[in-house]
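One file, start.pdb, is given below (PDB, C-alpha atoms).
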```pdb
MODEL        1
ATOM      1  CA  MET X   1     105.984  72.827  85.510
ATOM      2  CA  ILE X   2     106.006  72.210  89.267
ATOM      3  CA  THR X   3     108.759  69.872  90.417
ATOM      4  CA  VAL X   4     108.031  69.299  94.109
ATOM      5  CA  PRO X   5     107.493  65.857  95.585
ATOM      6  CA  VAL X   6     103.784  65.375  96.222
ATOM      7  CA  THR X   7     104.246  62.535  98.668
ATOM      8  CA  SER X   8     104.065  64.852 101.674
ATOM      9  CA  ALA X   9     101.896  67.619 103.058
ATOM     10  CA  GLU X  10     104.711  70.069 102.350
ATOM     11  CA  GLY X  11     104.820  69.013  98.697
ATOM     12  CA  LEU X  12     101.068  69.401  98.314
ATOM     13  CA  TYR X  13     101.191  72.773 100.027
ATOM     14  CA  GLY X  14     103.975  73.828  97.664
ATOM     15  CA  MET X  15     101.741  72.949  94.726
ATOM     16  CA  TYR X  16      98.915  74.994  96.237
ATOM     17  CA  LYS X  17     101.199  78.008  96.754
ATOM     18  CA  ALA X  18     102.357  77.759  93.119
ATOM     19  CA  LEU X  19      98.780  78.298  91.886
ATOM     20  CA  LEU X  20      97.589  81.708  90.828
ATOM     21  CA  HIS X  21      95.504  83.516  93.450
ATOM     22  CA  ASP X  22      92.193  82.842  91.683
ATOM     23  CA  GLU X  23      93.005  79.135  91.410
ATOM     24  CA  GLN X  24      93.946  79.040  95.101
ATOM     25  CA  GLN X  25      90.553  80.551  95.922
ATOM     26  CA  ARG X  26      88.737  77.987  93.758
ATOM     27  CA  PHE X  27      90.717  75.168  95.361
ATOM     28  CA  LEU X  28      89.911  76.382  98.884
ATOM     29  CA  LEU X  29      86.238  76.709  98.020
ATOM     30  CA  LYS X  30      86.166  73.172  96.622
ATOM     31  CA  LEU X  31      87.972  71.889  99.724
ATOM     32  CA  LEU X  32      85.416  73.591 101.969
ATOM     33  CA  GLN X  33      82.526  72.229  99.917
ATOM     34  CA  LYS X  34      83.835  68.674  99.980
ATOM     35  CA  GLU X  35      85.563  68.494 103.388
ATOM     36  CA  ALA X  36      83.829  71.065 105.628
ATOM     37  CA  ASP X  37      83.185  68.636 108.496
ATOM     38  CA  ARG X  38      86.772  67.405 108.556
ATOM     39  CA  LEU X  39      88.161  70.941 108.364
ATOM     40  CA  GLU X  40      85.926  72.132 111.219
ATOM     41  CA  THR X  41      86.916  69.147 113.358
ATOM     42  CA  LEU X  42      90.605  69.725 112.659
ATOM     43  CA  ALA X  43      90.321  73.448 113.435
ATOM     44  CA  LEU X  44      88.562  72.711 116.731
ATOM     45  CA  TYR X  45      91.125  70.048 117.648
ATOM     46  CA  GLU X  46      94.038  72.398 116.919
ATOM     47  CA  ALA X  47      92.454  75.246 118.892
ATOM     48  CA  CYS X  48      91.882  72.934 121.872
ATOM     49  CA  ARG X  49      95.437  71.613 121.665
ATOM     50  CA  GLU X  50      96.866  75.144 121.669
ATOM     51  CA  VAL X  51      94.770  76.131 124.679
ATOM     52  CA  LYS X  52      95.848  72.978 126.525
ATOM     53  CA  ASP X  53      99.514  73.602 125.696
ATOM     54  CA  GLU X  54      99.193  77.134 127.080
ATOM     55  CA  GLY X  55      97.531  75.845 130.261
ATOM     56  CA  ASP X  56      94.658  78.277 129.653
ATOM     57  CA  TYR X  57      91.572  76.184 130.377
ATOM     58  CA  LEU X  58      87.953  77.331 130.175
ATOM     59  CA  THR X  59      85.880  77.887 133.275
ATOM     60  CA  ASP X  60      82.791  75.698 133.637
ATOM     61  CA  ASP X  61      80.558  78.603 132.577
ATOM     62  CA  GLU X  62      82.711  79.267 129.498
ATOM     63  CA  LYS X  63      82.722  75.563 128.628
ATOM     64  CA  ASN X  64      78.935  75.331 128.929
ATOM     65  CA  ALA X  65      78.430  78.475 126.844
ATOM     66  CA  PHE X  66      80.743  77.109 124.166
ATOM     67  CA  LEU X  67      79.002  73.724 124.077
ATOM     68  CA  ALA X  68      75.603  75.431 123.882
ATOM     69  CA  SER X  69      76.806  77.472 120.893
ATOM     70  CA  LEU X  70      77.735  74.415 118.822
ATOM     71  CA  PRO X  71      75.303  73.416 116.075
ATOM     72  CA  GLN X  72      73.105  70.478 116.969
TER      73      GLN X  72
ENDMDL
END
```

Have the structure of the file written as structure tokens, please.
Amino acid sequence: MITVPVTSAEGLYGMYKALLHDEQQRFLLKLLQKEADRLETLALYEACREVKDEGDYLTDDEKNAFLASLPQ
């Protein structure tokens, strides 16, 4: 039995890590199926935040190419 507090992200992550590998894979697949838009938005936000923190901004051409590559 898992005895971690589930009132925090760390507790939920601990529960995930306690699953067998196959169950982790099924959980991740279900998460992607149900929350793909939110996960993509979060991943983009985090990537942008990291770039901003590093002071490594895109050129205008790179920005335009990136925006053009996004799904409509």

Q) How far is it from CA of Leu70 in chain X to CA of Leu44 in chain X, in Å with one decimal? A)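 A separation of 11.2 Å between them.
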
Q: Have a look at CA of Arg49 in chain X and CA of Met15 in chain X and let me know their distance in Å, one decimal.
A: 27.7 Å

**Q.** Straight-line distance linking CA of Ala18 in chain X with CA of Glu50 in chain X, stated in Å to one decimal
**A.** 29.2 Å

Q: Apply the PyMOL selection byres ((chain X and resi 16) around 12) to the structure shown and report the selected residues as a ChimeraX atom specification.
A: /X:2,4,6,9-15,17-28,31

For range 31-54 of chain X, write C-alpha atoms out as a JSON list (two decimals), in the first residue's frame.
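Saved file decode11.json follows:
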```
[["chain", "number", "residue", "atom", "x", "y", "z"],
["X", 31, "LEU", "CA", -3.24, 11.52, -19.60],
["X", 32, "LEU", "CA", -2.24, 12.35, -23.17],
["X", 33, "GLN", "CA", -5.61, 11.23, -24.51],
["X", 34, "LYS", "CA", -7.56, 13.28, -21.99],
["X", 35, "GLU", "CA", -5.30, 16.32, -21.47],
["X", 36, "ALA", "CA", -3.24, 16.71, -24.68],
["X", 37, "ASP", "CA", -4.07, 20.40, -25.16],
["X", 38, "ARG", "CA", -3.16, 21.30, -21.59],
["X", 39, "LEU", "CA", 0.06, 19.28, -21.72],
["X", 40, "GLU", "CA", 1.12, 20.91, -25.00],
["X", 41, "THR", "CA", 0.37, 24.38, -23.63],
["X", 42, "LEU", "CA", 2.32, 23.66, -20.45],
["X", 43, "ALA", "CA", 5.28, 22.27, -22.40],
["X", 44, "LEU", "CA", 5.35, 25.34, -24.65],
["X", 45, "TYR", "CA", 5.07, 27.69, -21.66],
["X", 46, "GLU", "CA", 7.93, 25.94, -19.84],
["X", 47, "ALA", "CA", 10.14, 25.96, -22.94],
["X", 48, "CYS", "CA", 9.49, 29.69, -23.44],
["X", 49, "ARG", "CA", 10.19, 30.41, -19.78],
["X", 50, "GLU", "CA", 13.52, 28.56, -19.94],
["X", 51, "VAL", "CA", 14.56, 30.44, -23.07],
["X", 52, "LYS", "CA", 13.60, 33.76, -21.46],
["X", 53, "ASP", "CA", 15.52, 32.90, -18.28],
["X", 54, "GLU", "CA", 18.59, 32.12, -20.37]]
```
